[in-house]
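What's in my_file_12.cif: mmCIF, C-alpha atoms
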data_start
loop_
_atom_site.group_PDB
_atom_site.id
_atom_site.type_symbol
_atom_site.label_atom_id
_atom_site.label_comp_id
_atom_site.auth_asym_id
_atom_site.auth_seq_id
_atom_site.Cartn_x
_atom_site.Cartn_y
_atom_site.Cartn_z
ATOM 1 C CA MET X 827 0.000 0.000 0.000
ATOM 2 C CA THR X 828 1.115 3.530 -0.755
ATOM 3 C CA ASP X 829 2.346 5.592 2.163
ATOM 4 C CA LYS X 830 -0.090 8.269 3.246
ATOM 5 C CA ARG X 831 0.644 11.783 4.431
ATOM 6 C CA TYR X 832 -2.135 13.435 6.418
ATOM 7 C CA LEU X 833 -2.404 17.191 6.137
ATOM 8 C CA THR X 834 -4.281 19.277 8.686
ATOM 9 C CA PHE X 835 -6.396 22.381 8.260
ATOM 10 C CA ASP X 836 -3.484 24.312 9.782
ATOM 11 C CA ASP X 837 -1.247 22.904 7.018
ATOM 12 C CA ILE X 838 -3.748 24.021 4.383
ATOM 13 C CA LYS X 839 -4.063 27.485 5.931
ATOM 14 C CA MET X 840 -0.263 27.875 6.020
ATOM 15 C CA MET X 841 0.211 26.564 2.470
ATOM 16 C CA THR X 842 -2.602 28.722 1.072
ATOM 17 C CA GLY X 843 -1.160 31.775 2.818
ATOM 18 C CA ASN X 844 2.292 31.036 1.370
ATOM 19 C CA LEU X 845 0.796 30.507 -2.080
ATOM 20 C CA SER X 846 -1.188 33.758 -1.895
ATOM 21 C CA THR X 847 1.898 35.701 -0.806
ATOM 22 C CA GLN X 848 3.969 34.129 -3.590
ATOM 23 C CA ILE X 849 1.366 35.201 -6.155
ATOM 24 C CA ALA X 850 1.054 38.727 -4.727
ATOM 25 C CA ASP X 851 4.846 39.098 -4.663
ATOM 26 C CA SER X 852 4.943 38.205 -8.372
ATOM 27 C CA ASN X 853 2.693 41.235 -9.035
ATOM 28 C CA PHE X 854 -0.069 39.072 -10.476
ATOM 29 C CA HIS X 855 -3.447 40.195 -9.213
ATOM 30 C CA PRO X 856 -6.321 37.930 -10.261
ATOM 31 C CA ASP X 857 -9.658 39.376 -11.291
ATOM 32 C CA ILE X 858 -11.291 36.009 -10.651
ATOM 33 C CA ILE X 859 -10.196 32.812 -8.960
ATOM 34 C CA VAL X 860 -11.323 29.460 -10.329
ATOM 35 C CA GLY X 861 -11.369 26.542 -7.887
ATOM 36 C CA ILE X 862 -11.231 23.091 -9.444
ATOM 37 C CA THR X 863 -13.644 20.662 -7.811
ATOM 38 C CA ARG X 864 -13.211 19.122 -5.387
ATOM 39 C CA GLY X 865 -9.795 19.698 -3.856
ATOM 40 C CA GLY X 866 -9.179 23.182 -5.184
ATOM 41 C CA LEU X 867 -12.327 24.688 -3.710
ATOM 42 C CA LEU X 868 -11.187 25.426 -0.150
ATOM 43 C CA PRO X 869 -7.845 26.973 -1.181
ATOM 44 C CA ALA X 870 -9.653 28.975 -3.896
ATOM 45 C CA VAL X 871 -12.174 30.361 -1.400
ATOM 46 C CA MET X 872 -9.383 31.323 0.991
ATOM 47 C CA MET X 873 -7.438 33.010 -1.822
ATOM 48 C CA SER X 874 -10.583 34.806 -2.958
ATOM 49 C CA HIS X 875 -10.746 36.435 0.467
ATOM 50 C CA PHE X 876 -7.013 37.211 0.437
ATOM 51 C CA PHE X 877 -7.191 38.944 -2.954
ATOM 52 C CA LYS X 878 -10.707 40.325 -2.391
ATOM 53 C CA VAL X 879 -11.950 39.029 -5.753
ATOM 54 C CA PRO X 880 -14.778 36.689 -6.754
ATOM 55 C CA MET X 881 -14.317 32.951 -6.926
ATOM 56 C CA THR X 882 -16.105 30.399 -9.070
ATOM 57 C CA ALA X 883 -15.962 26.626 -9.157
ATOM 58 C CA LEU X 884 -15.038 24.575 -12.198
ATOM 59 C CA GLN X 885 -16.194 20.969 -12.167
ATOM 60 C CA TRP X 886 -13.449 18.890 -13.726
ATOM 61 C CA ASN X 887 -13.008 15.198 -13.059
ATOM 62 C CA SER X 888 -9.971 13.446 -14.478
ATOM 63 C CA ARG X 889 -9.777 10.759 -11.793
ATOM 64 C CA ASP X 890 -12.756 10.676 -9.412
ATOM 65 C CA HIS X 891 -16.430 10.807 -10.365
ATOM 66 C CA THR X 892 -15.777 10.991 -14.098
ATOM 67 C CA GLU X 893 -19.415 10.011 -14.661
ATOM 68 C CA LEU X 894 -20.347 13.575 -13.706
ATOM 69 C CA GLY X 895 -18.554 14.902 -16.741
ATOM 70 C CA ASN X 896 -16.662 18.147 -17.033
ATOM 71 C CA GLU X 897 -17.883 21.716 -17.192
ATOM 72 C CA SER X 898 -16.626 23.943 -19.985
ATOM 73 C CA CYS X 899 -17.545 27.388 -18.553
ATOM 74 C CA SER X 900 -17.152 29.139 -21.893
ATOM 75 C CA TRP X 901 -17.367 32.570 -20.273
ATOM 76 C CA LEU X 902 -14.020 32.041 -18.494
ATOM 77 C CA PRO X 903 -11.967 31.614 -21.694
ATOM 78 C CA GLU X 904 -13.809 34.617 -23.155
ATOM 79 C CA ASP X 905 -12.828 36.640 -20.083
ATOM 80 C CA ALA X 906 -9.241 35.457 -20.568
ATOM 81 C CA LEU X 907 -9.259 36.714 -24.168
ATOM 82 C CA ASP X 908 -10.674 40.020 -22.915
ATOM 83 C CA GLY X 909 -7.560 40.400 -20.742
ATOM 84 C CA LYS X 910 -8.974 39.518 -17.335
ATOM 85 C CA ASN X 911 -6.490 37.919 -14.974
ATOM 86 C CA ILE X 912 -7.673 34.427 -14.099
ATOM 87 C CA LEU X 913 -6.094 32.205 -11.467
ATOM 88 C CA ILE X 914 -6.956 28.496 -11.597
ATOM 89 C CA VAL X 915 -6.421 26.771 -8.244
ATOM 90 C CA ASP X 916 -6.188 23.098 -7.301
ATOM 91 C CA ASP X 917 -4.941 21.261 -4.247
ATOM 92 C CA ILE X 918 -2.400 19.101 -6.076
ATOM 93 C CA ILE X 919 -1.036 18.797 -9.582
ATOM 94 C CA ASP X 920 -0.395 15.094 -9.689
ATOM 95 C CA THR X 921 -0.095 13.952 -13.295
ATOM 96 C CA GLY X 922 -1.076 17.277 -14.849
ATOM 97 C CA THR X 923 -3.955 15.716 -16.775
ATOM 98 C CA THR X 924 -6.603 18.004 -15.299
ATOM 99 C CA ILE X 925 -4.752 21.204 -16.208
ATOM 100 C CA THR X 926 -3.867 19.906 -19.679
ATOM 101 C CA GLU X 927 -7.514 18.995 -20.352
ATOM 102 C CA ILE X 928 -8.769 22.381 -19.119
ATOM 103 C CA LYS X 929 -6.252 24.224 -21.303
ATOM 104 C CA GLU X 930 -7.305 22.200 -24.355
ATOM 105 C CA ASP X 931 -11.017 22.697 -23.615
ATOM 106 C CA TRP X 932 -10.704 26.434 -23.092
ATOM 107 C CA GLN X 933 -8.605 26.927 -26.213
ATOM 108 C CA LYS X 934 -11.130 25.016 -28.346
ATOM 109 C CA SER X 935 -13.977 27.181 -27.056
ATOM 110 C CA VAL X 936 -12.633 30.550 -28.239
ATOM 111 C CA ILE X 937 -11.377 32.209 -31.382
ATOM 112 C CA GLY X 938 -8.009 33.572 -30.411
ATOM 113 C CA GLU X 939 -5.053 32.500 -28.335
ATOM 114 C CA ILE X 940 -5.359 32.337 -24.545
ATOM 115 C CA GLN X 941 -2.226 33.703 -22.903
ATOM 116 C CA TRP X 942 -1.405 30.896 -20.471
ATOM 117 C CA GLY X 943 1.189 32.035 -17.982
ATOM 118 C CA VAL X 944 0.463 35.695 -18.748
ATOM 119 C CA ASN X 945 -3.088 36.593 -17.731
ATOM 120 C CA VAL X 946 -4.250 33.025 -17.030
ATOM 121 C CA LYS X 947 -2.169 31.287 -14.407
ATOM 122 C CA VAL X 948 -2.324 28.010 -12.515
ATOM 123 C CA ALA X 949 -1.592 27.552 -8.817
ATOM 124 C CA ALA X 950 -1.595 24.529 -6.520
ATOM 125 C CA LEU X 951 -0.657 23.796 -2.967
ATOM 126 C CA GLN X 952 1.403 20.817 -4.088
ATOM 127 C CA LYS X 953 3.002 19.491 -7.256
ATOM 128 C CA ARG X 954 4.173 15.924 -7.713
ATOM 129 C CA PHE X 955 7.858 15.637 -8.672
ATOM 130 C CA SER X 956 7.037 13.450 -11.669
ATOM 131 C CA CYS X 957 4.573 15.934 -13.178
ATOM 132 C CA THR X 958 5.850 17.556 -16.362
ATOM 133 C CA THR X 959 2.946 19.987 -16.758
ATOM 134 C CA SER X 960 4.046 23.559 -16.255
ATOM 135 C CA ILE X 961 2.253 25.491 -13.524
ATOM 136 C CA ASP X 962 2.917 29.028 -12.407
ATOM 137 C CA TYR X 963 2.786 28.731 -8.626
ATOM 138 C CA PHE X 964 3.034 25.979 -6.043
ATOM 139 C CA VAL X 965 4.166 25.703 -2.453
ATOM 140 C CA GLU X 966 5.474 22.187 -2.090
ATOM 141 C CA LYS X 967 7.041 19.711 -4.483
ATOM 142 C CA ILE X 968 6.288 16.147 -3.396
ATOM 143 C CA ALA X 969 9.398 14.046 -3.960
ATOM 144 C CA ASP X 970 7.809 10.625 -3.512
ATOM 145 C CA GLU X 971 4.661 8.695 -4.392
ATOM 146 C CA SER X 972 2.966 9.196 -1.018
ATOM 147 C CA TRP X 973 -0.788 9.730 -1.091
ATOM 148 C CA GLN X 974 -1.682 13.198 0.186
ATOM 149 C CA VAL X 975 -4.747 13.029 2.441
ATOM 150 C CA TYR X 976 -6.321 16.450 2.812
ATOM 151 C CA PRO X 977 -8.320 17.299 5.939
ATOM 152 C CA TRP X 978 -11.607 17.347 4.013
ATOM 153 C CA GLU X 979 -10.956 13.689 3.087
ATOM 154 C CA GLU X 980 -10.055 12.388 6.553
ATOM 155 C CA TRP X 981 -13.463 11.094 7.569
ATOM 156 C CA ILE X 982 -13.904 8.892 4.510
#

Please go through the file and, once you have read it, give me the structure as structure tokens.
Amino acid sequence: MTDKRYLTFDDIKMMTGNLSTQIADSNFHPDIIVGITRGGLLPAVMMSHFFKVPMTALQWNSRDHTELGNESCSWLPEDALDGKNILIVDDIIDTGTTITEIKEDWQKSVIGEIQWGVNVKVAALQKRFSCTTSIDYFVEKIADESWQVYPWEEWI
């Protein structure tokens, strides 16, 4: 069985604070924060308060509950083309599949080129060492295959 690492709400608060500070220090100020369901929602809400901007959820399921499908949210890529700063937030970038699929979906839904890494950026609390997908901000690089158990998952 894979080793498990249990994170606490204090860990999440500290990591989200560090991530928010990192983003602010880079002089990127989001106009809207997009939390990827399920794990990205709590950090996205916290960051929404930090930056004092609205937050919306994006249902995207690459691993769990794929029967629910994915949500395109065509207005978000349109906002990106209009120059709004969009920050996409998740708890962990494991394989990078979710972010890759979102980028492909958004690009297909608009006429024009979305400026990934310029006015649309991706942030996560953690990034797996084996992930080759480029993300703009993260707090912790996980150097092993341990399963990260977030506090909202503990009672399952």

Report as JSON, numbers by chain the full result of the PyMOL selection byres ((chain X and resi 954-970) around 7) when it is applied to this structure. {"X": [841, 844, 845, 919, 920, 921, 922, 943, 947, 948, 949, 950, 951, 952, 953, 971, 972]}

Under the PyMOL selection byres ((chain X and resi 975) around 7), which residues of this model are included? Write them out as a tab-separated table (two decimals) with C-alpha atoms, keeping the file's coordinate frame.
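Done, and the output landed in out-v9.tsv:
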chain	number	residue	atom	x	y	z
X	830	LYS	CA	-0.09	8.27	3.25
X	831	ARG	CA	0.64	11.78	4.43
X	832	TYR	CA	-2.13	13.44	6.42
X	833	LEU	CA	-2.40	17.19	6.14
X	973	TRP	CA	-0.79	9.73	-1.09
X	974	GLN	CA	-1.68	13.20	0.19
X	976	TYR	CA	-6.32	16.45	2.81
X	977	PRO	CA	-8.32	17.30	5.94
X	979	GLU	CA	-10.96	13.69	3.09
X	980	GLU	CA	-10.06	12.39	6.55

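With atom CA of Trp901 of chain X on one side and atom CA of Pro869 of chain X on the other, the separation reads 22.1 Å.
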
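The gap separating atom CA of Ile918 of chain X from atom CA of Leu867 of chain X is 11.6 Å, in Å to one decimal.
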
Using all atoms listed in the file for the distances, tell me which of X:Ser874, X:Gln885, X:Thr828, X:Thr923 is nearest to Ser846 of chain X. X:Ser874

Shortest contact to Val871 of chain X, candidates X:Asp851, X:Asp905, X:Asp916, X:Asp837, atoms counted only C-alpha atoms, goes to X:Asp916

(-6.3, 39.7, -8.0) in this file's frame - what residues fall within 10 Å of it? Use all atoms listed in the file and give the answer as a PDB file with C-alpha atoms, keeping the file's coordinate frame.
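Saved file part_6.pdb follows:
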ATOM      1  CA  SER X 846      -1.188  33.758  -1.895  1.00  0.00           C
ATOM      2  CA  ILE X 849       1.366  35.201  -6.155  1.00  0.00           C
ATOM      3  CA  ALA X 850       1.054  38.727  -4.727  1.00  0.00           C
ATOM      4  CA  ASN X 853       2.693  41.235  -9.035  1.00  0.00           C
ATOM      5  CA  PHE X 854      -0.069  39.072 -10.476  1.00  0.00           C
ATOM      6  CA  HIS X 855      -3.447  40.195  -9.213  1.00  0.00           C
ATOM      7  CA  PRO X 856      -6.321  37.930 -10.261  1.00  0.00           C
ATOM      8  CA  ASP X 857      -9.658  39.376 -11.291  1.00  0.00           C
ATOM      9  CA  ILE X 858     -11.291  36.009 -10.651  1.00  0.00           C
ATOM     10  CA  ILE X 859     -10.196  32.812  -8.960  1.00  0.00           C
ATOM     11  CA  MET X 873      -7.438  33.010  -1.822  1.00  0.00           C
ATOM     12  CA  SER X 874     -10.583  34.806  -2.958  1.00  0.00           C
ATOM     13  CA  PHE X 876      -7.013  37.211   0.437  1.00  0.00           C
ATOM     14  CA  PHE X 877      -7.191  38.944  -2.954  1.00  0.00           C
ATOM     15  CA  LYS X 878     -10.707  40.325  -2.391  1.00  0.00           C
ATOM     16  CA  VAL X 879     -11.950  39.029  -5.753  1.00  0.00           C
ATOM     17  CA  PRO X 880     -14.778  36.689  -6.754  1.00  0.00           C
ATOM     18  CA  LYS X 910      -8.974  39.518 -17.335  1.00  0.00           C
ATOM     19  CA  ASN X 911      -6.490  37.919 -14.974  1.00  0.00           C
ATOM     20  CA  ILE X 912      -7.673  34.427 -14.099  1.00  0.00           C
ATOM     21  CA  LEU X 913      -6.094  32.205 -11.467  1.00  0.00           C
TER      22      LEU X 913
END

Of the residues X:Val915, X:Val860, X:Leu907, X:Met881, which is the one nearest to Trp942 of chain X, using all atoms listed in the file? X:Leu907

Taking all atoms listed in the file into account, which of X:Met840, X:Ile928, X:Met872, X:Val936 comes nearest Ile914 of chain X? X:Ile928

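In this model, the gap between atom CA of Glu904 of chain X and atom CA of Gln848 of chain X comes to 26.4 Å.
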
Among listed residues X:Ile925, X:Arg864, X:Asp931, X:Ala906, nearest Val946 of chain X (using all atoms listed in the file): X:Ala906

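The residue that comes closest to Pro903 of chain X, out of X:Lys934, X:Glu927, X:Ala883, X:His875 and on the basis of only C-alpha atoms, is X:Lys934.
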